[in-house]
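Asks: For reference, this is my_file.cif, and it has mmCIF, C-alpha atoms; chains and numbers go by the auth columns.
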```cif
data_data
loop_
_atom_site.group_PDB
_atom_site.id
_atom_site.type_symbol
_atom_site.label_atom_id
_atom_site.label_comp_id
_atom_site.label_asym_id
_atom_site.label_seq_id
_atom_site.Cartn_x
_atom_site.Cartn_y
_atom_site.Cartn_z
_atom_site.B_iso_or_equiv
_atom_site.auth_seq_id
_atom_site.auth_asym_id
ATOM 1 C CA MET A 1 120.291 86.143 85.344 0.00 1 A
ATOM 2 C CA ARG A 2 122.264 84.353 82.631 0.00 2 A
ATOM 3 C CA PRO A 3 120.730 84.714 79.134 0.00 3 A
ATOM 4 C CA ASP A 4 120.869 80.957 78.531 0.00 4 A
ATOM 5 C CA ALA A 5 118.906 80.237 81.716 0.00 5 A
ATOM 6 C CA VAL A 6 116.257 82.802 80.884 0.00 6 A
ATOM 7 C CA HIS A 7 116.015 81.370 77.369 0.00 7 A
ATOM 8 C CA GLY A 8 115.401 77.888 78.788 0.00 8 A
ATOM 9 C CA VAL A 9 112.524 79.104 80.948 0.00 9 A
ATOM 10 C CA ARG A 10 110.981 81.007 78.067 0.00 10 A
ATOM 11 C CA ARG A 11 111.209 77.934 75.852 0.00 11 A
ATOM 12 C CA ARG A 12 109.252 75.870 78.381 0.00 12 A
ATOM 13 C CA LEU A 13 106.674 78.635 78.729 0.00 13 A
ATOM 14 C CA ALA A 14 106.035 79.013 75.001 0.00 14 A
ATOM 15 C CA ALA A 15 102.683 77.203 75.105 0.00 15 A
ATOM 16 C CA LEU A 16 101.281 79.147 78.067 0.00 16 A
ATOM 17 C CA PRO A 17 98.853 82.107 77.772 0.00 17 A
ATOM 18 C CA LEU A 18 100.598 85.432 77.292 0.00 18 A
ATOM 19 C CA ALA A 19 99.154 86.981 80.452 0.00 19 A
ATOM 20 C CA ALA A 20 100.386 84.069 82.547 0.00 20 A
ATOM 21 C CA LEU A 21 103.769 84.127 80.814 0.00 21 A
ATOM 22 C CA LEU A 22 104.293 87.806 81.626 0.00 22 A
ATOM 23 C CA ALA A 23 103.379 87.276 85.265 0.00 23 A
ATOM 24 C CA VAL A 24 105.576 84.186 85.638 0.00 24 A
ATOM 25 C CA THR A 25 108.608 85.937 84.186 0.00 25 A
ATOM 26 C CA GLY A 26 108.156 88.989 86.386 0.00 26 A
ATOM 27 C CA CYS A 27 107.107 91.266 83.525 0.00 27 A
ATOM 28 C CA ALA A 28 103.477 91.826 84.550 0.00 28 A
ATOM 29 C CA SER A 29 102.835 95.405 85.500 0.00 29 A
ATOM 30 C CA PRO A 30 101.368 95.855 88.993 0.00 30 A
ATOM 31 C CA ALA A 31 99.428 98.915 87.826 0.00 31 A
ATOM 32 C CA PRO A 32 95.730 98.252 87.161 0.00 32 A
ATOM 33 C CA ALA A 33 94.381 98.328 83.629 0.00 33 A
ATOM 34 C CA PRO A 34 92.278 101.333 82.643 0.00 34 A
ATOM 35 C CA PRO A 35 88.532 100.883 83.204 0.00 35 A
ATOM 36 C CA SER A 36 86.485 99.861 80.203 0.00 36 A
ATOM 37 C CA GLY A 37 85.442 102.950 78.302 0.00 37 A
ATOM 38 C CA GLY A 38 87.969 105.132 80.154 0.00 38 A
ATOM 39 C CA THR A 39 89.559 108.087 78.437 0.00 39 A
ATOM 40 C CA GLY A 40 92.858 108.437 80.206 0.00 40 A
ATOM 41 C CA ALA A 41 95.722 106.564 81.776 0.00 41 A
ATOM 42 C CA PRO A 42 94.997 104.146 84.640 0.00 42 A
ATOM 43 C CA PRO A 43 95.214 105.566 88.134 0.00 43 A
ATOM 44 C CA SER A 44 98.509 105.042 89.901 0.00 44 A
ATOM 45 C CA ALA A 45 98.692 102.071 92.259 0.00 45 A
ATOM 46 C CA GLY A 46 99.036 104.429 95.206 0.00 46 A
ATOM 47 C CA SER A 47 95.761 106.211 94.415 0.00 47 A
ATOM 48 C CA VAL A 48 93.570 103.114 94.797 0.00 48 A
ATOM 49 C CA ARG A 49 91.485 103.004 97.963 0.00 49 A
ATOM 50 C CA PRO A 50 90.101 99.473 98.308 0.00 50 A
ATOM 51 C CA ASP A 51 86.534 98.766 99.290 0.00 51 A
ATOM 52 C CA PRO A 52 86.294 97.344 102.840 0.00 52 A
ATOM 53 C CA ALA A 53 84.986 94.100 101.358 0.00 53 A
ATOM 54 C CA ASP A 54 88.276 93.656 99.473 0.00 54 A
ATOM 55 C CA VAL A 55 90.539 94.406 102.442 0.00 55 A
ATOM 56 C CA PRO A 56 90.516 90.872 103.971 0.00 56 A
ATOM 57 C CA PHE A 57 91.584 89.383 100.617 0.00 57 A
ATOM 58 C CA LEU A 58 94.409 91.898 100.241 0.00 58 A
ATOM 59 C CA THR A 59 95.527 91.326 103.824 0.00 59 A
ATOM 60 C CA ALA A 60 95.609 87.557 103.361 0.00 60 A
ATOM 61 C CA MET A 61 97.418 87.891 100.046 0.00 61 A
ATOM 62 C CA VAL A 62 100.026 90.217 101.559 0.00 62 A
ATOM 63 C CA ALA A 63 100.750 87.575 104.192 0.00 63 A
ATOM 64 C CA HIS A 64 100.977 84.922 101.479 0.00 64 A
ATOM 65 C CA HIS A 65 103.367 87.035 99.400 0.00 65 A
ATOM 66 C CA ASP A 66 105.505 87.669 102.472 0.00 66 A
ATOM 67 C CA ARG A 67 105.809 83.909 102.908 0.00 67 A
ATOM 68 C CA THR A 68 106.679 83.444 99.231 0.00 68 A
ATOM 69 C CA ARG A 69 109.573 85.837 99.656 0.00 69 A
ATOM 70 C CA VAL A 70 110.737 83.923 102.738 0.00 70 A
ATOM 71 C CA ILE A 71 110.722 80.735 100.651 0.00 71 A
ATOM 72 C CA ALA A 72 112.705 82.473 97.903 0.00 72 A
ATOM 73 C CA ALA A 73 115.231 83.722 100.467 0.00 73 A
ATOM 74 C CA ALA A 74 115.575 80.202 101.880 0.00 74 A
ATOM 75 C CA ALA A 75 116.301 78.938 98.367 0.00 75 A
ATOM 76 C CA ALA A 76 119.021 81.500 97.653 0.00 76 A
ATOM 77 C CA GLY A 77 122.332 79.834 97.004 0.00 77 A
ATOM 78 C CA ARG A 78 120.944 76.305 97.332 0.00 78 A
ATOM 79 C CA VAL A 79 119.085 75.694 94.052 0.00 79 A
ATOM 80 C CA THR A 80 121.143 73.618 91.608 0.00 80 A
ATOM 81 C CA ASP A 81 118.832 73.543 88.570 0.00 81 A
ATOM 82 C CA ALA A 82 119.396 76.707 86.485 0.00 82 A
ATOM 83 C CA GLU A 83 115.814 76.945 85.231 0.00 83 A
ATOM 84 C CA LEU A 84 114.392 76.508 88.708 0.00 84 A
ATOM 85 C CA ARG A 85 116.765 79.189 90.003 0.00 85 A
ATOM 86 C CA THR A 86 115.586 81.566 87.287 0.00 86 A
ATOM 87 C CA LEU A 87 111.935 80.808 88.018 0.00 87 A
ATOM 88 C CA VAL A 88 112.341 81.436 91.749 0.00 88 A
ATOM 89 C CA ALA A 89 114.030 84.779 91.033 0.00 89 A
ATOM 90 C CA ALA A 90 111.195 85.758 88.657 0.00 90 A
ATOM 91 C CA VAL A 91 108.535 84.705 91.175 0.00 91 A
ATOM 92 C CA ASP A 92 110.259 86.728 93.888 0.00 92 A
ATOM 93 C CA ALA A 93 110.484 89.836 91.670 0.00 93 A
ATOM 94 C CA THR A 94 106.845 89.565 90.574 0.00 94 A
ATOM 95 C CA GLU A 95 105.582 89.142 94.113 0.00 95 A
ATOM 96 C CA ALA A 96 107.749 91.996 95.408 0.00 96 A
ATOM 97 C CA ASP A 97 105.989 94.299 92.919 0.00 97 A
ATOM 98 C CA GLU A 98 102.536 92.971 93.814 0.00 98 A
ATOM 99 C CA LEU A 99 103.339 93.236 97.507 0.00 99 A
ATOM 100 C CA ALA A 100 104.318 96.897 97.198 0.00 100 A
ATOM 101 C CA THR A 101 101.090 97.610 95.308 0.00 101 A
ATOM 102 C CA MET A 102 98.863 95.843 97.837 0.00 102 A
ATOM 103 C CA ARG A 103 100.554 97.556 100.766 0.00 103 A
ATOM 104 C CA ARG A 104 99.928 100.947 99.180 0.00 104 A
ATOM 105 C CA TRP A 105 96.290 100.012 98.659 0.00 105 A
ATOM 106 C CA LEU A 106 95.928 98.862 102.249 0.00 106 A
ATOM 107 C CA ALA A 107 97.581 102.031 103.525 0.00 107 A
ATOM 108 C CA ALA A 108 95.040 104.024 101.511 0.00 108 A
ATOM 109 C CA ALA A 109 92.232 102.134 103.244 0.00 109 A
ATOM 110 C CA THR A 110 92.868 104.179 106.381 0.00 110 A
ATOM 111 C CA PRO A 111 91.143 107.591 106.224 0.00 111 A
ATOM 112 C CA PRO A 112 93.468 110.510 107.092 0.00 112 A
ATOM 113 C CA GLY A 113 93.612 110.980 110.858 0.00 113 A
ATOM 114 C CA ASP A 114 92.015 107.580 111.526 0.00 114 A
ATOM 115 C CA ASP A 115 95.043 105.497 112.390 0.00 115 A
ATOM 116 C CA ASP A 116 93.417 103.223 114.968 0.00 116 A
ATOM 117 C CA GLY A 117 94.957 100.015 113.706 0.00 117 A
ATOM 118 C CA HIS A 118 91.783 98.652 112.160 0.00 118 A
ATOM 119 C CA ALA A 119 92.177 99.704 108.542 0.00 119 A
ATOM 120 C CA GLY A 120 95.593 100.849 107.458 0.00 120 A
ATOM 121 C CA HIS A 121 97.850 98.645 109.560 0.00 121 A
ATOM 122 C CA HIS A 122 96.431 95.206 109.002 0.00 122 A
ATOM 123 C CA ALA A 123 98.022 92.527 111.090 0.00 123 A
ATOM 124 C CA HIS A 124 99.457 89.811 108.954 0.00 124 A
ATOM 125 C CA PRO A 125 98.248 86.395 110.029 0.00 125 A
ATOM 126 C CA GLY A 126 100.994 84.091 111.152 0.00 126 A
ATOM 127 C CA GLY A 127 102.026 81.140 109.078 0.00 127 A
ATOM 128 C CA SER A 128 99.690 78.180 109.212 0.00 128 A
ATOM 129 C CA PRO A 129 101.005 74.940 110.715 0.00 129 A
ATOM 130 C CA THR A 130 101.237 73.507 107.196 0.00 130 A
ATOM 131 C CA ALA A 131 103.151 76.514 105.864 0.00 131 A
ATOM 132 C CA ASP A 132 105.504 76.501 108.855 0.00 132 A
ATOM 133 C CA ALA A 133 106.141 72.783 108.429 0.00 133 A
ATOM 134 C CA ASP A 134 106.824 73.249 104.711 0.00 134 A
ATOM 135 C CA LEU A 135 109.339 76.008 105.408 0.00 135 A
ATOM 136 C CA ALA A 136 111.079 73.927 108.073 0.00 136 A
ATOM 137 C CA ARG A 137 111.200 71.005 105.635 0.00 137 A
ATOM 138 C CA LEU A 138 112.758 73.226 102.978 0.00 138 A
ATOM 139 C CA ARG A 139 115.382 74.643 105.291 0.00 139 A
ATOM 140 C CA SER A 140 116.396 71.195 106.513 0.00 140 A
ATOM 141 C CA ALA A 141 116.427 69.543 103.068 0.00 141 A
ATOM 142 C CA PRO A 142 119.767 67.931 102.162 0.00 142 A
ATOM 143 C CA ALA A 143 121.642 69.433 99.231 0.00 143 A
ATOM 144 C CA ASP A 144 120.921 66.527 96.890 0.00 144 A
ATOM 145 C CA ARG A 145 117.171 66.783 97.552 0.00 145 A
ATOM 146 C CA PHE A 146 116.789 70.519 97.852 0.00 146 A
ATOM 147 C CA ASP A 147 115.427 71.197 94.353 0.00 147 A
ATOM 148 C CA VAL A 148 112.825 68.447 94.692 0.00 148 A
ATOM 149 C CA VAL A 149 111.663 69.718 98.078 0.00 149 A
ATOM 150 C CA LEU A 150 111.606 73.313 96.828 0.00 150 A
ATOM 151 C CA VAL A 151 109.385 72.417 93.865 0.00 151 A
ATOM 152 C CA ASP A 152 107.040 70.499 96.160 0.00 152 A
ATOM 153 C CA VAL A 153 106.839 73.302 98.747 0.00 153 A
ATOM 154 C CA LEU A 154 106.524 76.132 96.218 0.00 154 A
ATOM 155 C CA THR A 155 103.912 74.241 94.185 0.00 155 A
ATOM 156 C CA ALA A 156 101.705 73.725 97.243 0.00 156 A
ATOM 157 C CA HIS A 157 102.239 77.328 98.321 0.00 157 A
ATOM 158 C CA GLN A 158 101.326 78.801 94.946 0.00 158 A
ATOM 159 C CA ARG A 159 98.335 76.488 94.640 0.00 159 A
ATOM 160 C CA ARG A 160 96.970 78.076 97.824 0.00 160 A
ATOM 161 C CA ALA A 161 97.507 81.549 96.331 0.00 161 A
ATOM 162 C CA ALA A 162 95.697 80.592 93.131 0.00 162 A
ATOM 163 C CA ALA A 163 92.777 79.179 95.113 0.00 163 A
ATOM 164 C CA LEU A 164 92.513 82.305 97.269 0.00 164 A
ATOM 165 C CA ALA A 165 92.555 84.578 94.224 0.00 165 A
ATOM 166 C CA ARG A 166 90.084 82.381 92.325 0.00 166 A
ATOM 167 C CA ALA A 167 87.651 82.477 95.250 0.00 167 A
ATOM 168 C CA HIS A 168 87.804 86.257 95.619 0.00 168 A
ATOM 169 C CA ARG A 169 87.723 87.249 91.958 0.00 169 A
ATOM 170 C CA PRO A 170 83.938 86.858 91.420 0.00 170 A
ATOM 171 C CA VAL A 171 83.100 88.747 94.623 0.00 171 A
ATOM 172 C CA ALA A 172 85.734 91.494 94.376 0.00 172 A
ATOM 173 C CA VAL A 173 84.204 94.968 94.591 0.00 173 A
ATOM 174 C CA GLY A 174 87.036 97.078 93.205 0.00 174 A
ATOM 175 C CA ALA A 175 87.968 96.637 89.545 0.00 175 A
ATOM 176 C CA GLU A 176 91.681 96.943 90.402 0.00 176 A
ATOM 177 C CA VAL A 177 91.422 94.251 93.066 0.00 177 A
ATOM 178 C CA ARG A 178 89.475 92.009 90.686 0.00 178 A
ATOM 179 C CA ASP A 179 92.163 92.476 88.035 0.00 179 A
ATOM 180 C CA LEU A 180 94.888 91.668 90.554 0.00 180 A
ATOM 181 C CA ALA A 181 93.074 88.510 91.684 0.00 181 A
ATOM 182 C CA ASP A 182 92.701 87.413 88.077 0.00 182 A
ATOM 183 C CA ARG A 183 96.391 87.969 87.333 0.00 183 A
ATOM 184 C CA ILE A 184 97.472 86.189 90.498 0.00 184 A
ATOM 185 C CA GLU A 185 95.269 83.176 89.756 0.00 185 A
ATOM 186 C CA ARG A 186 96.574 82.868 86.188 0.00 186 A
ATOM 187 C CA SER A 187 100.237 83.500 86.972 0.00 187 A
ATOM 188 C CA ARG A 188 100.391 81.058 89.901 0.00 188 A
ATOM 189 C CA THR A 189 98.654 78.401 87.825 0.00 189 A
ATOM 190 C CA ALA A 190 101.234 78.966 85.089 0.00 190 A
ATOM 191 C CA GLN A 191 104.064 78.711 87.627 0.00 191 A
ATOM 192 C CA ILE A 192 102.690 75.392 88.855 0.00 192 A
ATOM 193 C CA GLN A 193 102.494 74.090 85.288 0.00 193 A
ATOM 194 C CA LEU A 194 106.071 75.137 84.649 0.00 194 A
ATOM 195 C CA MET A 195 107.391 73.546 87.836 0.00 195 A
ATOM 196 C CA SER A 196 105.678 70.270 86.910 0.00 196 A
ATOM 197 C CA ARG A 197 107.879 70.146 83.801 0.00 197 A
ATOM 198 C CA LEU A 198 111.210 70.926 85.450 0.00 198 A
ATOM 199 C CA PRO A 199 113.823 68.170 85.854 0.00 199 A
ATOM 200 C CA ALA A 200 113.603 68.561 89.645 0.00 200 A
ATOM 201 C CA THR A 201 110.120 67.039 89.609 0.00 201 A
ATOM 202 C CA ARG A 202 111.516 63.863 88.079 0.00 202 A
ATOM 203 C CA ALA A 203 114.580 63.611 90.285 0.00 203 A
ATOM 204 C CA GLY A 204 113.143 60.996 92.555 0.00 204 A
#
```
Can you turn what I pasted into structure tokens?
Replies:
Amino acid sequence: MRPDAVHGVRRRLAALPLAALLAVTGCASPAPAPPSGGTGAPPSAGSVRPDPADVPFLTAMVAHHDRTRVIAAAAAGRVTDAELRTLVAAVDATEADELATMRRWLAAATPPGDDDGHAGHHAHPGGSPTADADLARLRSAPADRFDVVLVDVLTAHQRRAAALARAHRPVAVGAEVRDLADRIERSRTAQIQLMSRLPATRAG
């Protein structure tokens, strides 16, 4: 990414909470924080075995992240606003890291020798009619409207992620999953705030 573009995004993010800023710019670590009162380093992401009650949330969030990356791929080479291009790249990088972490956690949910398809290989739900329509709208957007449509589609998409994370956070069983839900809720909210300030939102 060009230094001047990154600088522009950081300037617009100056007033946002630090945790949200790190997540928006792709700098948030996917590794969980050490437990309160712990004496050593946090466990590696691959060592986490999620509680069954947290598996549906992780499965849904994996599907959502997969769709985010499809949106980012559809935007490649078409975004004209430099700050929006930088944001999309940062979102894609952040979600790629989170996606890898969640997939490791879900893989760990399957006990050794118990590969019956019900725990470790969670089927990803297909795109909802709304999500499919949004993606089709993005792909068919004319060049002079692409940035506006992208901001609209990505804002709605990330708002759904924030709502899903916000709903699961108070009922999460695992501390690592709770921490992930909290970071997702804050980072997606920060992304939405940033997109609302980009020139593309005022382009017509």
Asks: Distance CA of Gln193 (chain A)-CA of Ala76 (chain A), one decimal place?
Replies: 21.9 Å
Asks: List as a PyMOL selection string: which residues have an atom within 10 Å of (109.6, 74.9, 93.8), counting only C-alpha atoms?
Replies: chain A and resi 71-72+75+79+84-85+87-88+138+146-158+191-192+194-196+198+200-201
Asks: Export, as a PDB file, keeping the file's coordinate frame, the selected residues with C-alpha atoms.
Replies:
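Contents of selection.pdb, as written:
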```
ATOM      1  CA  ILE A  71     110.722  80.735 100.651  1.00  0.00           C
ATOM      2  CA  ALA A  72     112.705  82.473  97.903  1.00  0.00           C
ATOM      3  CA  ALA A  75     116.301  78.938  98.367  1.00  0.00           C
ATOM      4  CA  VAL A  79     119.085  75.694  94.052  1.00  0.00           C
ATOM      5  CA  LEU A  84     114.392  76.508  88.708  1.00  0.00           C
ATOM      6  CA  ARG A  85     116.765  79.189  90.003  1.00  0.00           C
ATOM      7  CA  LEU A  87     111.935  80.808  88.018  1.00  0.00           C
ATOM      8  CA  VAL A  88     112.341  81.436  91.749  1.00  0.00           C
ATOM      9  CA  LEU A 138     112.758  73.226 102.978  1.00  0.00           C
ATOM     10  CA  PHE A 146     116.789  70.519  97.852  1.00  0.00           C
ATOM     11  CA  ASP A 147     115.427  71.197  94.353  1.00  0.00           C
ATOM     12  CA  VAL A 148     112.825  68.447  94.692  1.00  0.00           C
ATOM     13  CA  VAL A 149     111.663  69.718  98.078  1.00  0.00           C
ATOM     14  CA  LEU A 150     111.606  73.313  96.828  1.00  0.00           C
ATOM     15  CA  VAL A 151     109.385  72.417  93.865  1.00  0.00           C
ATOM     16  CA  ASP A 152     107.040  70.499  96.160  1.00  0.00           C
ATOM     17  CA  VAL A 153     106.839  73.302  98.747  1.00  0.00           C
ATOM     18  CA  LEU A 154     106.524  76.132  96.218  1.00  0.00           C
ATOM     19  CA  THR A 155     103.912  74.241  94.185  1.00  0.00           C
ATOM     20  CA  ALA A 156     101.705  73.725  97.243  1.00  0.00           C
ATOM     21  CA  HIS A 157     102.239  77.328  98.321  1.00  0.00           C
ATOM     22  CA  GLN A 158     101.326  78.801  94.946  1.00  0.00           C
ATOM     23  CA  GLN A 191     104.064  78.711  87.627  1.00  0.00           C
ATOM     24  CA  ILE A 192     102.690  75.392  88.855  1.00  0.00           C
ATOM     25  CA  LEU A 194     106.071  75.137  84.649  1.00  0.00           C
ATOM     26  CA  MET A 195     107.391  73.546  87.836  1.00  0.00           C
ATOM     27  CA  SER A 196     105.678  70.270  86.910  1.00  0.00           C
ATOM     28  CA  LEU A 198     111.210  70.926  85.450  1.00  0.00           C
ATOM     29  CA  ALA A 200     113.603  68.561  89.645  1.00  0.00           C
ATOM     30  CA  THR A 201     110.120  67.039  89.609  1.00  0.00           C
TER      31      THR A 201
END
```
Asks: I need the residue nearest Ala109 (chain A) from this list: A:Glu185, A:Asp51, A:Asp179, A:Asp132. Use all atoms listed in the file for the distance.
Replies: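 Under the stated criterion, the closest residue is A:Asp51.
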Asks: So which one's closest to Asp54 (chain A), A:Arg186, A:Arg197, A:Arg139, A:Arg169? Using only C-alpha atoms, please.
Replies: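 Going through A:Arg186, A:Arg197, A:Arg139, A:Arg169 one by one, the smallest distance to Asp54 (chain A) is for A:Arg169.
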Asks: Take the point (101.1, 89.3, 96.3) as written in the file and pick out every residue within 6 Å of it, counting only C-alpha atoms; give the list as a PyMOL selection string.
Replies: chain A and resi 61-62+65+95+98-99
Asks: The selected residues should be written to file as a compact mmCIF listing (two decimals), in the frame of the given file (atoms: C-alpha atoms).
Replies:
```txt
# COMPACT_ATOMS: atom_id res chain seq x y z
CA MET A 61 97.42 87.89 100.05
CA VAL A 62 100.03 90.22 101.56
CA HIS A 65 103.37 87.04 99.40
CA GLU A 95 105.58 89.14 94.11
CA GLU A 98 102.54 92.97 93.81
CA LEU A 99 103.34 93.24 97.51
```
Asks: What does the distance between CA of Arg159 (chain A) and CA of Pro52 (chain A) come to in Å, to one decimal place?
Replies: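 These atoms are spaced 25.4 Å apart.
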Asks: In Å, how far is it from CA of Leu180 (chain A) to CA of Pro50 (chain A)?
Replies: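 Straight-line distance from CA of Leu180 (chain A) to CA of Pro50 (chain A) works out to 12.0 Å.
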Asks: Which one of A:Arg103, A:Thr94, A:Thr110, A:Arg137 sits closest to Arg183 (chain A) if you count only C-alpha atoms?
Replies: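 Ranked by minimum distance to Arg183 (chain A), first place goes to A:Thr94.
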Asks: Taking all atoms listed in the file into account, name the residue in A:Arg49, A:His64, A:Arg178, A:His168 that is nearest to Trp105 (chain A).
Replies: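 Using all atoms listed in the file, the shortest distance to Trp105 (chain A) belongs to A:Arg49.
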Asks: Could you check the closest approach to Asp182 (chain A) for each of A:Thr59, A:Pro170, A:Pro199, A:Asp66 and tell me which residue wins, using all atoms listed in the file?
Replies: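 Using all atoms listed in the file, the shortest distance to Asp182 (chain A) belongs to A:Pro170.
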Asks: Nearest to Pro142 (chain A) among A:Ala63, A:Arg69, A:Val177, A:Arg78, with distances taken over all atoms listed in the file: which residue is it?
Replies: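 Among A:Ala63, A:Arg69, A:Val177, A:Arg78, it is A:Arg78 that comes nearest to Pro142 (chain A).
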Asks: Please give the centre and size of the box around region 153-163 of chain A (axis-aligned, containing every atom listed in the file, 6 Å added per side), with values in Å to one decimal and written as AutoDock Vina command-line options.
Replies:
```
--center_x 99.8 --center_y 77.4 --center_z 95.9 --size_x 26.1 --size_y 20.2 --size_z 17.6
```
